file input.tsv (TSV, C-alpha atoms)
chain	number	residue	atom	x	y	z
A	141	MET	CA	8.99	-29.38	-27.56
A	142	GLU	CA	7.15	-29.88	-24.32
A	143	ARG	CA	3.90	-29.27	-22.57
A	144	ILE	CA	4.09	-27.88	-19.07
A	145	VAL	CA	1.25	-28.02	-16.60
A	146	ILE	CA	1.46	-26.53	-13.12
A	147	GLU	CA	-1.65	-27.37	-11.12
A	148	GLY	CA	-3.39	-24.59	-9.23
A	149	THR	CA	-3.53	-24.30	-5.44
A	150	PRO	CA	-5.59	-22.02	-3.16
A	151	LYS	CA	-3.04	-19.27	-3.75
A	152	THR	CA	-1.48	-20.03	-7.13
A	153	PRO	CA	-2.98	-20.36	-10.63
A	154	THR	CA	-2.99	-23.29	-13.03
A	155	ILE	CA	-0.44	-22.77	-15.76
A	156	SER	CA	-0.54	-24.69	-18.99
A	157	PHE	CA	2.02	-24.07	-21.71
A	158	ASP	CA	1.99	-26.21	-24.82
A	159	MET	CA	5.07	-25.24	-26.78
A	160	ALA	CA	4.14	-27.43	-29.76
A	161	SER	CA	0.85	-25.64	-30.38
A	162	GLY	CA	1.93	-22.27	-29.00
A	163	ASN	CA	-0.82	-22.15	-26.36
A	164	LEU	CA	-0.28	-20.55	-22.97
A	165	GLU	CA	-2.97	-20.39	-20.30
A	166	ILE	CA	-2.89	-18.91	-16.81
A	167	ARG	CA	-6.12	-19.50	-14.89
A	168	GLY	CA	-7.30	-19.19	-11.30
A	169	ARG	CA	-5.86	-17.13	-8.47
A	170	SER	CA	-2.41	-15.70	-8.12
A	171	ILE	CA	-1.87	-14.49	-4.55
A	172	PRO	CA	1.33	-16.08	-3.25
A	173	GLU	CA	3.38	-13.90	-0.88
A	174	ASN	CA	6.45	-14.34	-3.01
A	175	SER	CA	5.50	-14.81	-6.62
A	176	ILE	CA	9.03	-14.70	-8.07
A	177	GLU	CA	9.61	-18.33	-7.09
A	178	PHE	CA	6.29	-19.39	-8.55
A	179	TYR	CA	6.66	-17.69	-11.95
A	180	LYS	CA	10.33	-18.57	-12.41
A	181	PRO	CA	9.71	-21.91	-14.24
A	182	LEU	CA	7.28	-20.29	-16.67
A	183	VAL	CA	9.69	-17.46	-17.43
A	184	GLU	CA	12.45	-20.01	-18.06
A	185	HIS	CA	10.21	-22.00	-20.39
A	186	LEU	CA	9.31	-18.87	-22.29
A	187	GLU	CA	13.02	-18.14	-22.77
A	188	LYS	CA	13.40	-21.61	-24.20
A	189	TYR	CA	10.30	-21.19	-26.40
A	190	ALA	CA	11.68	-17.87	-27.67
A	191	GLN	CA	14.50	-19.72	-29.40
A	192	LYS	CA	12.04	-21.53	-31.64
A	193	PRO	CA	8.52	-20.16	-31.28
A	194	GLN	CA	5.46	-21.19	-33.29
A	195	SER	CA	4.30	-18.77	-35.96
A	196	ASN	CA	1.20	-18.16	-33.82
A	197	THR	CA	1.15	-17.95	-30.04
A	198	ASN	CA	-2.18	-17.85	-28.27
A	199	VAL	CA	-2.31	-16.54	-24.70
A	200	ASN	CA	-5.31	-16.81	-22.37
A	201	ILE	CA	-5.22	-15.09	-18.99
A	202	GLN	CA	-8.22	-15.74	-16.78
A	203	LEU	CA	-7.57	-14.74	-13.20
A	204	GLU	CA	-10.07	-14.29	-10.42
A	205	TYR	CA	-7.58	-12.44	-8.19
A	206	PHE	CA	-3.95	-11.51	-8.39
A	207	ASN	CA	-1.88	-9.66	-5.83
A	208	THR	CA	0.61	-6.89	-6.55
A	209	SER	CA	3.51	-9.31	-6.15
A	210	SER	CA	2.06	-11.36	-9.04
A	211	SER	CA	1.37	-8.30	-11.16
A	212	LYS	CA	5.10	-7.71	-11.53
A	213	CYS	CA	5.73	-11.32	-12.47
A	214	ILE	CA	2.87	-11.32	-14.95
A	215	LEU	CA	4.47	-8.25	-16.52
A	216	ASP	CA	7.73	-10.21	-16.82
A	217	VAL	CA	5.84	-12.97	-18.64
A	218	PHE	CA	4.31	-10.40	-20.98
A	219	LYS	CA	7.72	-8.86	-21.63
A	220	LYS	CA	9.10	-12.26	-22.66
A	221	LEU	CA	6.13	-12.62	-25.00
A	222	GLU	CA	6.73	-9.12	-26.35
A	223	ALA	CA	10.25	-10.13	-27.38
A	224	ILE	CA	8.89	-13.26	-29.07
A	225	HIS	CA	6.29	-11.13	-30.87
A	226	LYS	CA	8.98	-8.73	-32.03
A	227	GLY	CA	10.89	-11.73	-33.35
A	228	GLY	CA	8.07	-12.57	-35.71
A	229	SER	CA	5.58	-14.79	-33.89
A	230	ALA	CA	2.01	-13.49	-34.11
A	231	ILE	CA	0.63	-13.21	-30.57
A	232	VAL	CA	-2.71	-12.23	-29.13
A	233	ILE	CA	-3.30	-11.96	-25.39
A	234	ASN	CA	-6.88	-12.72	-24.39
A	235	TRP	CA	-7.55	-11.03	-21.03
A	236	TYR	CA	-10.68	-12.40	-19.40
A	237	TYR	CA	-12.65	-10.47	-16.81
A	238	GLU	CA	-15.97	-11.12	-15.12
A	239	GLN	CA	-18.95	-8.95	-15.90
A	240	ASP	CA	-18.86	-5.95	-13.51
A	241	ASP	CA	-15.26	-6.60	-12.45
A	242	GLU	CA	-13.96	-3.17	-13.38
A	243	ASP	CA	-10.76	-3.68	-11.41
A	244	MET	CA	-9.80	-6.71	-13.50
A	245	LEU	CA	-10.70	-4.94	-16.75
A	246	GLU	CA	-8.61	-1.95	-15.69
A	247	ALA	CA	-5.69	-4.23	-14.83
A	248	GLY	CA	-5.83	-5.64	-18.36
A	249	GLU	CA	-5.89	-2.14	-19.78
A	250	ASP	CA	-2.84	-1.23	-17.66
A	251	TYR	CA	-0.91	-4.08	-19.29
A	252	GLN	CA	-2.26	-3.21	-22.71
A	253	ALA	CA	-0.81	0.29	-22.32
A	254	ILE	CA	2.63	-1.00	-21.38
A	255	ILE	CA	3.03	-4.03	-23.65
A	256	ASN	CA	3.36	-3.99	-27.43
A	257	ILE	CA	1.16	-6.97	-28.16
A	258	PRO	CA	-2.50	-6.93	-29.24
A	259	PHE	CA	-4.77	-7.49	-26.24
A	260	LYS	CA	-8.35	-8.63	-26.42
A	261	MET	CA	-10.55	-7.88	-23.40
A	262	VAL	CA	-13.02	-10.74	-23.04
A	263	GLU	CA	-16.01	-10.31	-20.75
A	264	VAL	CA	-17.43	-13.47	-19.20
A	265	ALA	CA	-20.63	-13.98	-17.25
A	266	GLU	CA	-20.24	-14.31	-13.46
B	243	MET	CA	-4.94	-13.85	33.22
B	244	MET	CA	-6.35	-10.36	33.82
B	245	VAL	CA	-8.76	-10.02	30.90
B	246	ASP	CA	-12.23	-8.56	31.07
B	247	ILE	CA	-13.62	-10.76	28.38
B	248	TYR	CA	-17.02	-9.12	28.35
B	249	ASP	CA	-15.36	-5.76	27.70
B	250	PHE	CA	-13.53	-7.26	24.71
B	251	TYR	CA	-16.70	-8.90	23.45
B	252	ASP	CA	-18.70	-5.72	23.78
B	253	LYS	CA	-16.14	-3.59	21.93
B	254	MET	CA	-15.92	-6.09	19.11
B	255	GLU	CA	-19.68	-6.44	18.92
B	256	ARG	CA	-20.25	-2.69	18.77
B	257	ASN	CA	-17.72	-2.35	15.97
B	258	ASN	CA	-19.15	-5.38	14.24
B	259	ILE	CA	-15.79	-7.09	14.03
B	260	MET	CA	-16.04	-10.14	11.76
B	261	LEU	CA	-12.57	-11.51	12.30
B	262	SER	CA	-9.54	-10.52	14.29
B	263	PHE	CA	-6.16	-11.99	14.95
B	264	LYS	CA	-3.20	-11.07	17.08
B	265	GLY	CA	0.03	-13.02	16.81
B	266	ASP	CA	2.64	-14.37	14.49
B	267	ILE	CA	1.99	-13.61	10.82
B	268	THR	CA	2.86	-16.60	8.65
B	269	SER	CA	1.99	-17.61	5.11
B	270	GLU	CA	-0.25	-20.40	6.41
B	271	LEU	CA	-2.09	-17.98	8.66
B	272	LEU	CA	-2.80	-15.67	5.75
B	273	THR	CA	-4.17	-18.58	3.74
B	274	SER	CA	-6.51	-19.45	6.63
B	275	ILE	CA	-7.67	-15.87	7.19
B	276	LEU	CA	-8.38	-15.44	3.49
B	277	GLN	CA	-10.33	-18.70	3.33
B	278	ILE	CA	-12.43	-17.72	6.36
B	279	MET	CA	-13.12	-14.25	4.96
B	280	GLU	CA	-14.06	-15.58	1.57
B	281	SER	CA	-16.51	-17.94	3.17
B	282	LYS	CA	-18.00	-15.14	5.29
B	283	LEU	CA	-18.41	-12.84	2.31
B	284	ASP	CA	-20.21	-15.65	0.48
B	285	THR	CA	-22.51	-16.26	3.43
B	286	MET	CA	-23.28	-12.55	3.69
B	287	GLN	CA	-24.28	-12.68	0.04
B	288	GLU	CA	-22.31	-9.59	-0.83
B	289	GLU	CA	-22.41	-8.43	-4.44
B	290	PRO	CA	-19.56	-10.06	-6.41
B	291	LYS	CA	-18.06	-6.62	-7.04
B	292	ILE	CA	-17.81	-5.77	-3.33
B	293	LYS	CA	-16.66	-9.26	-2.41
B	294	LYS	CA	-13.80	-9.01	-4.88
B	295	LYS	CA	-12.81	-5.55	-3.78
B	296	VAL	CA	-12.76	-6.48	-0.09
B	297	TYR	CA	-10.87	-9.69	-0.80
B	298	ASN	CA	-8.29	-7.93	-2.99
B	299	VAL	CA	-7.68	-5.17	-0.44
B	300	LEU	CA	-7.46	-7.75	2.33
B	301	VAL	CA	-4.80	-9.70	0.44
B	302	GLU	CA	-2.71	-6.55	-0.01
B	303	CYS	CA	-3.12	-5.37	3.62
B	304	LEU	CA	-2.18	-8.76	5.03
B	305	GLN	CA	0.72	-9.29	2.66
B	306	ASN	CA	2.02	-5.80	3.47
B	307	LEU	CA	2.07	-6.84	7.13
B	308	TYR	CA	3.79	-10.07	6.23
B	309	HIS	CA	6.50	-8.40	4.16
B	310	HIS	CA	7.15	-5.19	6.04
B	311	MET	CA	6.65	-5.73	9.73
B	312	ASP	CA	9.83	-5.47	11.73
B	313	GLU	CA	10.83	-8.14	14.15
B	314	ILE	CA	10.83	-7.08	17.76
B	315	PRO	CA	12.32	-8.53	20.94
B	316	ARG	CA	9.72	-10.51	22.85
B	317	SER	CA	10.30	-8.38	25.96
B	318	LEU	CA	8.77	-5.41	24.16
B	319	ASN	CA	5.43	-7.16	24.28
B	320	GLY	CA	5.56	-7.20	28.04
B	321	ASN	CA	6.27	-10.92	28.05
B	322	ALA	CA	9.17	-12.22	30.02
B	323	SER	CA	11.27	-14.38	27.77
B	324	THR	CA	13.57	-17.08	28.99
B	325	ILE	CA	15.52	-16.89	25.76
B	326	GLU	CA	18.00	-14.05	25.59
B	327	GLY	CA	17.22	-11.79	22.64
B	328	GLU	CA	14.23	-13.84	21.48
B	329	ILE	CA	12.54	-12.07	18.59
B	330	ILE	CA	9.00	-12.33	17.33
B	331	ARG	CA	6.89	-11.23	14.39
B	332	SER	CA	3.65	-10.32	16.02
B	333	ALA	CA	0.96	-8.06	14.63
B	334	ILE	CA	-2.75	-7.39	14.98
B	335	PHE	CA	-5.41	-7.47	12.33
B	336	MET	CA	-9.15	-6.82	12.41
B	337	ILE	CA	-11.92	-6.58	9.87
B	338	GLY	CA	-15.42	-5.31	10.58
B	339	LYS	CA	-18.43	-3.99	8.76
B	340	LEU	CA	-20.35	-0.98	10.01
B	341	ASP	CA	-22.84	1.26	8.18
B	342	ASN	CA	-22.32	-0.51	4.85
B	343	GLN	CA	-18.62	0.08	5.04
B	344	TYR	CA	-15.84	-2.43	5.62
B	345	ASN	CA	-12.99	-1.46	7.94
B	346	ILE	CA	-9.68	-3.24	7.87
B	347	ILE	CA	-7.27	-2.37	10.67
B	348	THR	CA	-3.72	-3.60	10.98
B	349	GLY	CA	-1.12	-2.84	13.63
B	350	ASN	CA	2.53	-3.76	13.84
B	351	TYR	CA	5.79	-2.66	15.39
B	352	ILE	CA	8.20	-0.80	13.19
B	353	LEU	CA	11.73	0.46	13.82
B	354	THR	CA	11.46	4.17	14.57
B	355	GLN	CA	14.25	4.77	12.06
B	356	ASN	CA	11.91	3.44	9.34
B	357	VAL	CA	8.98	5.70	10.24
B	358	ASP	CA	9.88	8.75	8.16
B	359	HIS	CA	10.38	6.77	4.97
B	360	LEU	CA	7.04	5.01	5.33
B	361	LYS	CA	5.20	8.19	6.33
B	362	ASN	CA	6.56	9.99	3.28
B	363	ARG	CA	5.45	7.19	0.99
B	364	LEU	CA	1.95	7.22	2.43
B	365	ASP	CA	1.69	11.00	2.22
B	366	GLU	CA	2.87	10.94	-1.40
B	367	ILE	CA	0.21	8.38	-2.29
B	368	ASN	CA	-2.46	10.33	-0.42
B	369	LYS	CA	-1.76	13.44	-2.51
B	370	LEU	CA	-2.59	11.74	-5.80
B	371	THR	CA	-5.83	11.93	-7.76
B	372	LYS	CA	-7.42	8.81	-9.22
B	373	GLU	CA	-5.74	9.39	-12.58
B	374	GLU	CA	-2.37	10.11	-10.99
B	375	LEU	CA	-2.61	6.93	-8.92
B	376	LYS	CA	-3.22	4.93	-12.10
B	377	ASP	CA	-0.14	6.47	-13.76
B	378	TYR	CA	1.97	6.00	-10.63
B	379	TYR	CA	0.92	2.35	-10.40
B	380	LYS	CA	1.90	1.73	-14.01
B	381	ALA	CA	5.23	3.51	-13.54
B	382	VAL	CA	6.17	1.45	-10.47
B	383	LEU	CA	4.90	-1.73	-12.14
B	384	ASN	CA	7.14	-1.11	-15.08
B	385	ASN	CA	10.25	-0.02	-13.19
B	386	GLY	CA	11.54	-3.55	-12.95
B	387	GLU	CA	12.40	-3.34	-9.25
B	388	MET	CA	11.51	-6.24	-7.07
B	389	SER	CA	12.51	-6.70	-3.46
B	390	ASP	CA	13.95	-10.04	-2.43
B	391	LYS	CA	10.82	-10.60	-0.37
B	392	GLY	CA	8.71	-10.52	-3.52
B	393	GLY	CA	7.17	-7.15	-2.82
B	394	GLY	CA	7.09	-4.69	-5.67
B	395	GLY	CA	6.34	-1.39	-3.98
B	396	LEU	CA	2.80	-1.58	-5.29
B	397	GLY	CA	0.74	-2.71	-2.29
B	398	MET	CA	-0.17	0.67	-0.82
B	399	ILE	CA	-0.77	2.21	-4.23
B	400	ASP	CA	-3.10	-0.64	-5.08
B	401	ILE	CA	-5.02	-0.25	-1.82
B	402	ALA	CA	-5.46	3.49	-2.41
B	403	ARG	CA	-6.55	2.85	-5.98
B	404	LYS	CA	-9.07	0.12	-5.21
B	405	THR	CA	-10.67	1.88	-2.23
B	406	GLY	CA	-10.59	5.40	-3.66
B	407	GLN	CA	-9.86	6.57	-0.11
B	408	LYS	CA	-6.91	8.19	1.63
B	409	LEU	CA	-4.67	5.79	3.54
B	410	ASN	CA	-5.49	6.48	7.18
B	411	TYR	CA	-2.43	5.77	9.33
B	412	HIS	CA	-0.92	6.46	12.74
B	413	PHE	CA	2.56	6.10	14.21
B	414	MET	CA	2.88	5.78	17.97
B	415	PRO	CA	6.35	5.87	19.58
B	416	VAL	CA	6.83	2.98	21.98
B	417	ASP	CA	10.43	3.46	23.06
B	418	ASP	CA	13.69	4.82	21.60
B	419	THR	CA	13.91	2.07	19.02
B	420	TYR	CA	10.36	1.09	18.17
B	421	SER	CA	7.09	2.63	17.14
B	422	PHE	CA	3.69	1.08	16.51
B	423	PHE	CA	2.24	1.59	13.06
B	424	SER	CA	-1.49	1.25	12.47
B	425	LEU	CA	-3.39	1.43	9.25
B	426	ASN	CA	-7.15	1.85	8.89
B	427	ILE	CA	-8.57	1.04	5.47
B	428	LYS	CA	-12.18	1.73	4.57
B	429	ILE	CA	-14.05	0.08	1.74
B	430	ALA	CA	-17.31	1.83	1.09
B	431	GLN	CA	-20.01	0.44	-1.18
call {"tool": "encode", "arguments": {"input": "input.tsv", "output": "structure tokens"}}
result
Amino acid sequence: MERIVIEGTPKTPTISFDMASGNLEIRGRSIPENSIEFYKPLVEHLEKYAQKPQSNTNVNIQLEYFNTSSSKCILDVFKKLEAIHKGGSAIVINWYYEQDDEDMLEAGEDYQAIINIPFKMVEVAE
Amino acid sequence: MMVDIYDFYDKMERNNIMLSFKGDITSELLTSILQIMESKLDTMQEEPKIKKKVYNVLVECLQNLYHHMDEIPRSLNGNASTIEGEIIRSAIFMIGKLDNQYNIITGNYILTQNVDHLKNRLDEINKLTKEELKDYYKAVLNNGEMSDKGGGGLGMIDIARKTGQKLNYHFMPVDDTYSFFSLNIKIAQ
């Protein structure tokens, strides 16, 4: 089982996925023009992880900005996780948003409405 | 070069234009524009909430341009080209702040045959209430369609949702084949 780290850039987030401990983190900004290319490796790793997931998977999403292109890819990531959750792995998605960032909170709630995984909205100070 | 530079300066000053660009829209250019705007918003000491909103809407406006502008022959721009059939991807973008309100203006050529489709989309979005926009966004998000360019059909909906304003647009016919599409987005505090 591996640990994948994709370092962030001005337009793409830092992704850290530790398959051994079942920890996935996406942090930073996600505003590439074409996000499909960027999220492809993570989606592939999740497919691999789905074959033998940990009994607990912990997901932390802390984004400052994400564009609409990314929002579709992030949904794809959540859908992979949903399948893993259905297969028996306990998953919680921690969705971080800055105090007063109603748009980011609302985005988390949008996903919460679509995806069958428990979401926790976590407010952080600016 | 027949340019009355003072006239330009005066117009931009009176509209409080912070940044403008006319030319080829590339990924690198967008990165630069976004970095400059972020820096300006910091310097202006805007509230984090407004800064984020303006930045988000800017990203969507610029990436819409990037994805959807049609290529045009250079000769359309009034430039003589030595290369037969040379095509370019040129657009215009401006952002200004006046009366506590940000204005983002984009302009690009579009094939006239594509005008109706775009106009209908914009009119559909403009008819929706805040709640309906939210539902529409979620429906399109979840429909699994993704263009090969990486667009998802969500950009305009997101802009309407974040600004709470109607999408203010204009189509101007240029010749038989091309029109000029302009979009004026307001972000009020």
call {"tool": "residues_around", "arguments": {"input": "input.tsv", "residues": "range 293-301 of chain B", "least_positions_apart": "5", "cutoff": "8 Å", "atoms": "only C-alpha atoms", "output": "PyMOL selection string"}}
result
(chain A and resi 171+205-207) or (chain B and resi 276+279-280+283-284+288+344+346+400-401+404-405+429)
call {"tool": "atom_distance", "arguments": {"input": "input.tsv", "atom1": "CA of Lys380 in chain B", "atom2": "CA of Gln355 in chain B"}}
result
29.0 Å
call {"tool": "residues_around", "arguments": {"input": "input.tsv", "residues": "His225 in chain A", "least_positions_apart": "3", "cutoff": "10 Å", "atoms": "only C-alpha atoms", "output": "PyMOL selection string"}}
result
chain A and resi 190+193+195-197+219-222+228-232+256-258
call {"tool": "closest_residue", "arguments": {"input": "input.tsv", "among": "A:Glu147, A:Glu142, A:Asp216, A:Glu204", "to": "Ile176 in chain A", "atoms": "all atoms listed in the file"}}
result
A:Asp216
call {"tool": "closest_atom_pairs", "arguments": {"input": "input.tsv", "of": "chain A", "to": "chain B", "cutoff": "8 Å", "atoms": "only C-alpha atoms", "output": "JSON lines"}}
result
{"residue": "A:Pro150", "atom": "CA", "partner": "B:Thr273", "partner_atom": "CA", "distance": 7.8}
{"residue": "A:Lys151", "atom": "CA", "partner": "B:Thr273", "partner_atom": "CA", "distance": 7.6}
{"residue": "A:Ile171", "atom": "CA", "partner": "B:Val301", "partner_atom": "CA", "distance": 7.5}
{"residue": "A:Glu173", "atom": "CA", "partner": "B:Gln305", "partner_atom": "CA", "distance": 6.4}
{"residue": "A:Asn174", "atom": "CA", "partner": "B:Gly392", "partner_atom": "CA", "distance": 4.5}
{"residue": "A:Ser175", "atom": "CA", "partner": "B:Gly392", "partner_atom": "CA", "distance": 6.2}
{"residue": "A:Ile176", "atom": "CA", "partner": "B:Gly392", "partner_atom": "CA", "distance": 6.2}
{"residue": "A:Tyr205", "atom": "CA", "partner": "B:Asn298", "partner_atom": "CA", "distance": 6.9}
{"residue": "A:Phe206", "atom": "CA", "partner": "B:Asn298", "partner_atom": "CA", "distance": 7.8}
{"residue": "A:Asn207", "atom": "CA", "partner": "B:Glu302", "partner_atom": "CA", "distance": 6.7}
{"residue": "A:Thr208", "atom": "CA", "partner": "B:Leu396", "partner_atom": "CA", "distance": 5.9}
{"residue": "A:Ser209", "atom": "CA", "partner": "B:Gly393", "partner_atom": "CA", "distance": 5.4}
{"residue": "A:Ser211", "atom": "CA", "partner": "B:Leu383", "partner_atom": "CA", "distance": 7.5}
{"residue": "A:Lys212", "atom": "CA", "partner": "B:Leu383", "partner_atom": "CA", "distance": 6.0}
{"residue": "A:Leu215", "atom": "CA", "partner": "B:Asn384", "partner_atom": "CA", "distance": 7.8}
{"residue": "A:Asp240", "atom": "CA", "partner": "B:Lys291", "partner_atom": "CA", "distance": 6.6}
{"residue": "A:Asp241", "atom": "CA", "partner": "B:Lys291", "partner_atom": "CA", "distance": 6.1}
{"residue": "A:Asp243", "atom": "CA", "partner": "B:Lys404", "partner_atom": "CA", "distance": 7.5}
{"residue": "A:Asp250", "atom": "CA", "partner": "B:Lys380", "partner_atom": "CA", "distance": 6.7}
{"residue": "A:Ile254", "atom": "CA", "partner": "B:Asn384", "partner_atom": "CA", "distance": 7.7}
call {"tool": "write_last_selection", "arguments": {"input": "input.tsv", "atoms": "C-alpha atoms", "output": "CSV table (one decimal), in the coordinates of the input"}}
result
chain,number,residue,atom,x,y,z
A,150,PRO,CA,-5.6,-22.0,-3.2
A,151,LYS,CA,-3.0,-19.3,-3.8
A,171,ILE,CA,-1.9,-14.5,-4.6
A,173,GLU,CA,3.4,-13.9,-0.9
A,174,ASN,CA,6.4,-14.3,-3.0
A,175,SER,CA,5.5,-14.8,-6.6
A,176,ILE,CA,9.0,-14.7,-8.1
A,205,TYR,CA,-7.6,-12.4,-8.2
A,206,PHE,CA,-4.0,-11.5,-8.4
A,207,ASN,CA,-1.9,-9.7,-5.8
A,208,THR,CA,0.6,-6.9,-6.6
A,209,SER,CA,3.5,-9.3,-6.2
A,211,SER,CA,1.4,-8.3,-11.2
A,212,LYS,CA,5.1,-7.7,-11.5
A,215,LEU,CA,4.5,-8.2,-16.5
A,240,ASP,CA,-18.9,-6.0,-13.5
A,241,ASP,CA,-15.3,-6.6,-12.4
A,243,ASP,CA,-10.8,-3.7,-11.4
A,250,ASP,CA,-2.8,-1.2,-17.7
A,254,ILE,CA,2.6,-1.0,-21.4
call {"tool": "residues_around", "arguments": {"input": "input.tsv", "residues": "range 360-371 of chain B", "least_positions_apart": "3", "cutoff": "8 Å", "atoms": "all atoms listed in the file", "output": "list in words"}}
result
Asn356, Val357, Glu374, Leu375, Met398, Ile399, Ala402, Lys408 and Leu409 of chain B
